[in-house]
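I have placed the structure first, in the form of structure tokens, so that the comments after it can refer back to it.
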Amino acid sequence: MIDFELDDLAPLANLVRNDLVESKHFGIACLVDPEGNLIAERGNSKRLIYPRSSVKPLQAVATKRAGLKLSGAQLAISAGSHHGTSAHTDLVLSILAGVGLGEDALQCPVAWPANSAARAEATAETKACFNCSGKHAGFLAACVAAGWDTKTYLDPAHPLQKLIVEVLEEYAGEPVAHSTIDGCGAPLHAVSLVGLAKSVGKFARQDSEIADAMLQNPWAVADTSSPDTLIMQRGLISKLGAEGVFVVANRDGYCAAVKVADGSLRPGPLVALKLFYDNQLISQQDYEDLVAQIAPKVLGGNNTVGYFAAVV
């Protein structure tokens, strides 16, 4: 079994309540420059991780290579992890309708909307509400464009899934060392954390059509108030991955990647932003504004009694 060693991990974030550290998160984090050189590291960034949904932009690169022709919000949601609002599901269904397919062609699980308002109005779980349905719709549309089978599009031996591996290895600069199945049913491939940073940095630098679509439609990549969206509103590519993975990249190709060992989602955005700030890649105003928006509040009743912060 491939596992983290304690020596691989570093402190990443603390929750402090009235001057006592109540909770502490450990993990690994790194920052690479546009050439893929490691310029900051906490823990051992050569450790293998599952990047989860943080590689959706690279999967979108593969679908474009296969012939997918989407633009704007449709292209953005194909690289996103949406929250199941009607605006999100309408986009997903429009992608499918554009290639003559219906919701039943999706092979992701069913889900309730993650957006609380949409959840309150929902009457049933649907495939379109699953957060990865935009990616799956992009997969299917790419298969139609390439003349590939749509029934087996999640099979690791399918031409699209082989192309995704090729793109990931090309961008990460390393071979895929281990593979499994993601929560949405699609193949999932392990790379090192620094390989993930290299790959998303390269994407942000050279794949302008997809990157622009994400930056111009950040709500389609996640939701209106999610950390990804708030960061993209400041002009940075940002993508969440399950189990504590988070990436932030600028258009020059600098990229920070984070993996939180306990799988918590709350430290990743703050740690990535701190690496950017410490290396003069984000303004003090943008950094402070984003931290204020993203960091969980530490309250005693209605009063602030502490803080949550990156410690890298």
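The chains in the structure tokens are called A, B, ... from first to last as shown; in each chain the residues are counted from 1, and the ligands are counted from 1 in the order shown.
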
Using only C-alpha atoms, which protein or nucleic acid residues come within 12 Å of Glu5 of chain A? Drop anything in the same chain fewer than 2 positions from it, and give the result as a PDB file with N, CA and C atoms, in the first residue's frame.
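Result went into selection13.pdb, see below:
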ATOM      1  N   MET A   1       0.836  -1.200   0.000  1.00  0.00           N
ATOM      2  CA  MET A   1       0.000   0.000   0.000  1.00  0.00           C
ATOM      3  C   MET A   1       0.868   1.245   0.000  1.00  0.00           C
ATOM      4  N   ILE A   2       0.538   2.195  -0.874  1.00  0.00           N
ATOM      5  CA  ILE A   2       1.235   3.473  -0.924  1.00  0.00           C
ATOM      6  C   ILE A   2       0.668   4.369   0.166  1.00  0.00           C
ATOM      7  N   ASP A   3       1.531   4.916   1.007  1.00  0.00           N
ATOM      8  CA  ASP A   3       1.047   5.680   2.156  1.00  0.00           C
ATOM      9  C   ASP A   3       1.963   6.854   2.424  1.00  0.00           C
ATOM     10  N   ASP A   7       7.251  11.875   8.019  1.00  0.00           N
ATOM     11  CA  ASP A   7       8.300  12.801   7.582  1.00  0.00           C
ATOM     12  C   ASP A   7       7.939  13.525   6.294  1.00  0.00           C
ATOM     13  N   ASP A   8       6.942  13.014   5.555  1.00  0.00           N
ATOM     14  CA  ASP A   8       6.517  13.660   4.310  1.00  0.00           C
ATOM     15  C   ASP A   8       5.679  14.902   4.567  1.00  0.00           C
ATOM     16  N   LEU A   9       5.134  15.026   5.772  1.00  0.00           N
ATOM     17  CA  LEU A   9       4.133  16.040   6.053  1.00  0.00           C
ATOM     18  C   LEU A   9       4.713  17.237   6.792  1.00  0.00           C
ATOM     19  N   ALA A  10       4.076  18.381   6.605  1.00  0.00           N
ATOM     20  CA  ALA A  10       4.456  19.615   7.297  1.00  0.00           C
ATOM     21  C   ALA A  10       3.190  20.283   7.816  1.00  0.00           C
ATOM     22  N   PHE A  26      -2.029  19.032   8.776  1.00  0.00           N
ATOM     23  CA  PHE A  26      -0.741  18.718   8.172  1.00  0.00           C
ATOM     24  C   PHE A  26      -0.946  18.273   6.728  1.00  0.00           C
ATOM     25  N   GLY A  27       0.093  18.379   5.935  1.00  0.00           N
ATOM     26  CA  GLY A  27       0.004  17.933   4.556  1.00  0.00           C
ATOM     27  C   GLY A  27       1.248  18.317   3.796  1.00  0.00           C
ATOM     28  N   ILE A  28       1.096  18.455   2.487  1.00  0.00           N
ATOM     29  CA  ILE A  28       2.209  18.860   1.631  1.00  0.00           C
ATOM     30  C   ILE A  28       1.732  19.974   0.702  1.00  0.00           C
ATOM     31  N   GLY A  43       6.773  20.011   3.297  1.00  0.00           N
ATOM     32  CA  GLY A  43       6.618  18.571   3.204  1.00  0.00           C
ATOM     33  C   GLY A  43       7.284  18.053   1.946  1.00  0.00           C
ATOM     34  N   ASN A  44       6.999  16.821   1.599  1.00  0.00           N
ATOM     35  CA  ASN A  44       7.641  16.166   0.462  1.00  0.00           C
ATOM     36  C   ASN A  44       6.711  16.174  -0.743  1.00  0.00           C
ATOM     37  N   ARG A  47       5.721  13.085  -3.173  1.00  0.00           N
ATOM     38  CA  ARG A  47       4.812  12.008  -2.800  1.00  0.00           C
ATOM     39  C   ARG A  47       3.658  11.913  -3.801  1.00  0.00           C
ATOM     40  N   LEU A  48       3.231  10.686  -4.083  1.00  0.00           N
ATOM     41  CA  LEU A  48       2.095  10.474  -4.962  1.00  0.00           C
ATOM     42  C   LEU A  48       0.797  10.856  -4.253  1.00  0.00           C
ATOM     43  N   ALA A 261      -3.411  16.241   4.493  1.00  0.00           N
ATOM     44  CA  ALA A 261      -3.313  14.819   4.817  1.00  0.00           C
ATOM     45  C   ALA A 261      -4.610  14.242   5.350  1.00  0.00           C
TER      46      ALA A 261
END

Hey, what's within 10 Å of segment 228-231 of chain A if we count only C-alpha atoms and toss same-chain stuff fewer than 2 positions away? As a PDB file with N, CA and C atoms, in the first residue's frame, please?
ATOM      1  N   GLY A  80     -15.280  21.867 -14.602  1.00  0.00           N
ATOM      2  CA  GLY A  80     -15.691  22.308 -13.278  1.00  0.00           C
ATOM      3  C   GLY A  80     -16.269  21.229 -12.393  1.00  0.00           C
ATOM      4  N   SER A  81     -16.546  21.640 -11.152  1.00  0.00           N
ATOM      5  CA  SER A  81     -17.230  20.811 -10.158  1.00  0.00           C
ATOM      6  C   SER A  81     -18.398  21.647  -9.634  1.00  0.00           C
ATOM      7  N   MET A 214     -12.915  29.534 -18.046  1.00  0.00           N
ATOM      8  CA  MET A 214     -13.042  29.380 -16.600  1.00  0.00           C
ATOM      9  C   MET A 214     -13.040  30.732 -15.895  1.00  0.00           C
ATOM     10  N   LEU A 215     -12.120  31.606 -16.291  1.00  0.00           N
ATOM     11  CA  LEU A 215     -12.008  32.909 -15.637  1.00  0.00           C
ATOM     12  C   LEU A 215     -13.205  33.806 -15.934  1.00  0.00           C
ATOM     13  N   ASN A 217     -16.252  32.652 -16.548  1.00  0.00           N
ATOM     14  CA  ASN A 217     -17.466  32.007 -16.035  1.00  0.00           C
ATOM     15  C   ASN A 217     -17.143  31.196 -14.785  1.00  0.00           C
ATOM     16  N   PRO A 218     -16.572  31.830 -13.766  1.00  0.00           N
ATOM     17  CA  PRO A 218     -16.144  31.057 -12.593  1.00  0.00           C
ATOM     18  C   PRO A 218     -17.292  30.378 -11.849  1.00  0.00           C
ATOM     19  N   TRP A 219     -18.482  30.957 -11.932  1.00  0.00           N
ATOM     20  CA  TRP A 219     -19.651  30.337 -11.286  1.00  0.00           C
ATOM     21  C   TRP A 219     -19.950  28.953 -11.867  1.00  0.00           C
ATOM     22  N   ALA A 220     -19.590  28.751 -13.139  1.00  0.00           N
ATOM     23  CA  ALA A 220     -19.844  27.469 -13.789  1.00  0.00           C
ATOM     24  C   ALA A 220     -18.828  26.414 -13.375  1.00  0.00           C
ATOM     25  N   VAL A 221     -17.680  26.850 -12.867  1.00  0.00           N
ATOM     26  CA  VAL A 221     -16.640  25.921 -12.419  1.00  0.00           C
ATOM     27  C   VAL A 221     -16.967  25.389 -11.027  1.00  0.00           C
ATOM     28  N   ALA A 222     -17.689  26.185 -10.232  1.00  0.00           N
ATOM     29  CA  ALA A 222     -18.036  25.761  -8.876  1.00  0.00           C
ATOM     30  C   ALA A 222     -19.395  26.349  -8.510  1.00  0.00           C
ATOM     31  N   ASP A 223     -19.415  27.476  -7.782  1.00  0.00           N
ATOM     32  CA  ASP A 223     -20.640  28.172  -7.436  1.00  0.00           C
ATOM     33  C   ASP A 223     -20.274  29.612  -7.120  1.00  0.00           C
ATOM     34  N   THR A 224     -21.234  30.446  -6.869  1.00  0.00           N
ATOM     35  CA  THR A 224     -20.961  31.872  -6.776  1.00  0.00           C
ATOM     36  C   THR A 224     -20.069  32.254  -5.600  1.00  0.00           C
ATOM     37  N   SER A 225     -20.111  31.507  -4.496  1.00  0.00           N
ATOM     38  CA  SER A 225     -19.341  31.891  -3.313  1.00  0.00           C
ATOM     39  C   SER A 225     -18.300  30.868  -2.901  1.00  0.00           C
ATOM     40  N   SER A 226     -17.998  29.909  -3.763  1.00  0.00           N
ATOM     41  CA  SER A 226     -16.997  28.898  -3.423  1.00  0.00           C
ATOM     42  C   SER A 226     -15.589  29.492  -3.528  1.00  0.00           C
ATOM     43  N   GLN A 233     -12.241  35.110  -9.629  1.00  0.00           N
ATOM     44  CA  GLN A 233     -12.689  36.487  -9.838  1.00  0.00           C
ATOM     45  C   GLN A 233     -11.536  37.480  -9.719  1.00  0.00           C
ATOM     46  N   ARG A 234     -10.409  37.042  -9.136  1.00  0.00           N
ATOM     47  CA  ARG A 234      -9.207  37.886  -9.041  1.00  0.00           C
ATOM     48  C   ARG A 234      -8.204  37.581 -10.163  1.00  0.00           C
ATOM     49  N   GLY A 235      -8.630  36.753 -11.141  1.00  0.00           N
ATOM     50  CA  GLY A 235      -7.793  36.506 -12.309  1.00  0.00           C
ATOM     51  C   GLY A 235      -6.851  35.331 -12.207  1.00  0.00           C
ATOM     52  N   LEU A 236      -7.022  34.487 -11.184  1.00  0.00           N
ATOM     53  CA  LEU A 236      -6.177  33.310 -11.011  1.00  0.00           C
ATOM     54  C   LEU A 236      -6.988  32.049 -11.303  1.00  0.00           C
ATOM     55  N   ILE A 237      -6.375  31.098 -12.011  1.00  0.00           N
ATOM     56  CA  ILE A 237      -7.006  29.794 -12.210  1.00  0.00           C
ATOM     57  C   ILE A 237      -6.992  29.058 -10.876  1.00  0.00           C
ATOM     58  N   SER A 238      -8.117  28.483 -10.500  1.00  0.00           N
ATOM     59  CA  SER A 238      -8.214  27.799  -9.216  1.00  0.00           C
ATOM     60  C   SER A 238      -9.122  26.594  -9.357  1.00  0.00           C
ATOM     61  N   LYS A 239      -8.732  25.490  -8.731  1.00  0.00           N
ATOM     62  CA  LYS A 239      -9.573  24.283  -8.824  1.00  0.00           C
ATOM     63  C   LYS A 239      -9.434  23.428  -7.574  1.00  0.00           C
ATOM     64  N   LEU A 240     -10.580  23.101  -7.024  1.00  0.00           N
ATOM     65  CA  LEU A 240     -10.678  22.207  -5.875  1.00  0.00           C
ATOM     66  C   LEU A 240     -10.590  20.760  -6.317  1.00  0.00           C
ATOM     67  N   PHE A 246      -6.012  21.213  -3.629  1.00  0.00           N
ATOM     68  CA  PHE A 246      -6.357  22.528  -4.156  1.00  0.00           C
ATOM     69  C   PHE A 246      -5.187  23.054  -4.973  1.00  0.00           C
ATOM     70  N   VAL A 247      -5.482  23.675  -6.113  1.00  0.00           N
ATOM     71  CA  VAL A 247      -4.452  24.281  -6.951  1.00  0.00           C
ATOM     72  C   VAL A 247      -4.831  25.714  -7.293  1.00  0.00           C
ATOM     73  N   VAL A 248      -3.826  26.567  -7.374  1.00  0.00           N
ATOM     74  CA  VAL A 248      -3.983  27.943  -7.828  1.00  0.00           C
ATOM     75  C   VAL A 248      -2.843  28.237  -8.793  1.00  0.00           C
ATOM     76  N   PRO A 269      -7.198  26.336  -0.026  1.00  0.00           N
ATOM     77  CA  PRO A 269      -7.154  27.654  -0.673  1.00  0.00           C
ATOM     78  C   PRO A 269      -6.246  28.643   0.056  1.00  0.00           C
ATOM     79  N   LEU A 273      -2.827  30.308  -1.500  1.00  0.00           N
ATOM     80  CA  LEU A 273      -2.742  31.777  -1.583  1.00  0.00           C
ATOM     81  C   LEU A 273      -1.561  32.318  -0.788  1.00  0.00           C
ATOM     82  N   ASP A 286      -5.431  41.962  -2.736  1.00  0.00           N
ATOM     83  CA  ASP A 286      -6.159  40.780  -3.180  1.00  0.00           C
ATOM     84  C   ASP A 286      -6.016  39.647  -2.167  1.00  0.00           C
ATOM     85  N   TYR A 287      -4.808  39.471  -1.646  1.00  0.00           N
ATOM     86  CA  TYR A 287      -4.579  38.407  -0.671  1.00  0.00           C
ATOM     87  C   TYR A 287      -5.434  38.616   0.573  1.00  0.00           C
ATOM     88  N   ASP A 289      -8.126  40.443   0.963  1.00  0.00           N
ATOM     89  CA  ASP A 289      -9.547  40.345   0.657  1.00  0.00           C
ATOM     90  C   ASP A 289      -9.980  38.882   0.546  1.00  0.00           C
ATOM     91  N   LEU A 290      -9.179  38.066  -0.138  1.00  0.00           N
ATOM     92  CA  LEU A 290      -9.537  36.664  -0.316  1.00  0.00           C
ATOM     93  C   LEU A 290      -9.498  35.897   1.007  1.00  0.00           C
ATOM     94  N   VAL A 291      -8.493  36.153   1.812  1.00  0.00           N
ATOM     95  CA  VAL A 291      -8.426  35.490   3.120  1.00  0.00           C
ATOM     96  C   VAL A 291      -9.661  35.834   3.942  1.00  0.00           C
ATOM     97  N   GLN A 293     -12.573  36.551   2.867  1.00  0.00           N
ATOM     98  CA  GLN A 293     -13.743  35.888   2.298  1.00  0.00           C
ATOM     99  C   GLN A 293     -13.743  34.385   2.531  1.00  0.00           C
ATOM    100  N   ILE A 294     -12.566  33.764   2.493  1.00  0.00           N
ATOM    101  CA  ILE A 294     -12.472  32.307   2.454  1.00  0.00           C
ATOM    102  C   ILE A 294     -12.260  31.676   3.822  1.00  0.00           C
TER     103      ILE A 294
END

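The space separating atom CA of Ala145 of chain A from atom CA of His82 of chain A comes to 23.7 Å.
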
Return as number ranges by chain the full set of residues in segment 7-256 of chain A whose backbone-based DSSP assignment is alpha helix (DSSP H).
-> A: 56-66, 72-78, 86-98, 116-121, 133-146, 159-172, 193-206, 208-216, 218-221, 227-232

Please provide as JSON, numbers by chain all residues within 10 Å of Glu35 of chain A, with the sequence filter that same-chain residues fewer than 4 positions apart are discarded (counting only C-alpha atoms).
-> {"A": [198, 201, 202, 252, 253, 254]}

Selection to disk with C-alpha atoms, as a PDB file, in the first residue's frame:
ATOM      1  CA  LYS A 198       3.631  21.533 -13.077  1.00  0.00           C
ATOM      2  CA  GLY A 201       0.831  25.689 -14.331  1.00  0.00           C
ATOM      3  CA  LYS A 202       1.449  24.562 -17.881  1.00  0.00           C
ATOM      4  CA  ASP A 252       2.334  33.156 -16.426  1.00  0.00           C
ATOM      5  CA  GLY A 253       2.449  29.509 -15.306  1.00  0.00           C
ATOM      6  CA  TYR A 254       3.266  29.766 -11.610  1.00  0.00           C
TER       7      TYR A 254
END

Between A:Cys184, A:Cys143, A:Leu31, A:Cys129, which is the closest to Tyr277 of chain A once you count only C-alpha atoms?
-> A:Leu31

So which one's closest to Ser208 of chain A, A:Thr150, A:Thr123, A:Arg251, A:Phe139? Using only C-alpha atoms, please.
->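 Once distances to Ser208 of chain A are computed over only C-alpha atoms, the minimum belongs to A:Arg251.
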
Quick one: pick out all strand (DSSP E) residues within segment 74-281 of chain A from a backbone DSSP run and write them as a list in words.
-> His178, Ser179, Thr180, Ile181, Pro187, Leu188, His189, Ala190, Val191, Ser192, Ile237, Ser238, Lys239, Leu240, Gly241, Val245, Phe246, Val247, Val248, Ala249, Cys255, Ala256, Ala257, Val258, Lys259 and Val260 of chain A

Selected residues written out with C-alpha atoms, as an mmCIF file, in the first residue's frame:
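Listed below is the output, out_15.cif:
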data_model
loop_
_atom_site.group_PDB
_atom_site.id
_atom_site.type_symbol
_atom_site.label_atom_id
_atom_site.label_comp_id
_atom_site.auth_asym_id
_atom_site.auth_seq_id
_atom_site.Cartn_x
_atom_site.Cartn_y
_atom_site.Cartn_z
ATOM 1 C CA HIS A 178 -1.025 4.280 -10.062
ATOM 2 C CA SER A 179 -4.651 4.349 -11.192
ATOM 3 C CA THR A 180 -8.099 3.736 -9.725
ATOM 4 C CA ILE A 181 -11.681 4.988 -10.180
ATOM 5 C CA PRO A 187 -10.564 6.722 -14.198
ATOM 6 C CA LEU A 188 -8.352 8.532 -11.692
ATOM 7 C CA HIS A 189 -4.567 8.651 -11.926
ATOM 8 C CA ALA A 190 -1.983 9.342 -9.234
ATOM 9 C CA VAL A 191 0.853 11.804 -9.798
ATOM 10 C CA SER A 192 3.235 13.556 -7.449
ATOM 11 C CA ILE A 237 -7.006 29.794 -12.210
ATOM 12 C CA SER A 238 -8.214 27.799 -9.216
ATOM 13 C CA LYS A 239 -9.573 24.283 -8.824
ATOM 14 C CA LEU A 240 -10.678 22.207 -5.875
ATOM 15 C CA GLY A 241 -10.082 18.479 -5.631
ATOM 16 C CA VAL A 245 -6.495 18.959 -2.856
ATOM 17 C CA PHE A 246 -6.357 22.528 -4.156
ATOM 18 C CA VAL A 247 -4.452 24.281 -6.951
ATOM 19 C CA VAL A 248 -3.983 27.943 -7.828
ATOM 20 C CA ALA A 249 -2.134 29.143 -10.938
ATOM 21 C CA CYS A 255 1.220 27.174 -9.716
ATOM 22 C CA ALA A 256 0.713 26.249 -6.071
ATOM 23 C CA ALA A 257 -0.612 22.781 -5.236
ATOM 24 C CA VAL A 258 -1.773 21.547 -1.841
ATOM 25 C CA LYS A 259 -2.739 18.156 -0.416
ATOM 26 C CA VAL A 260 -4.100 18.126 3.136
#

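Reported to one decimal place, the separation of atom CA of Gly183 of chain A from atom CA of Tyr153 of chain A is 15.5 Å.
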
Close residues, Gln74 of chain A itself excluded, 9 Å, only C-alpha atoms, min 5 positions apart in chain, as a list in words =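 Residues meeting the cut-off are Leu91, Val92, Ser94, Ile95, Gly134, Gly138, Ala213 and Ala220 of chain A.
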
Which of these, A:Pro267, A:Gly67, A:Gly173, A:Gly84, has the shortest distance to Leu160 of chain A once you count only C-alpha atoms?
-> A:Gly67

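Candidate residues A:Ala66, A:Ala204, A:Ala310, A:Leu93 were compared for distance to Lys274 of chain A, and the nearest is A:Ala310, using only C-alpha atoms.
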
Using only C-alpha atoms, determine which residues lie at most 12 Å from Thr63 of chain A, disregarding the query and same-chain residues fewer than 3 positions distant; provide the list as number ranges by chain.
-> A: 56-60, 66-70, 75, 78-79, 135-146, 148, 153, 159-167, 210
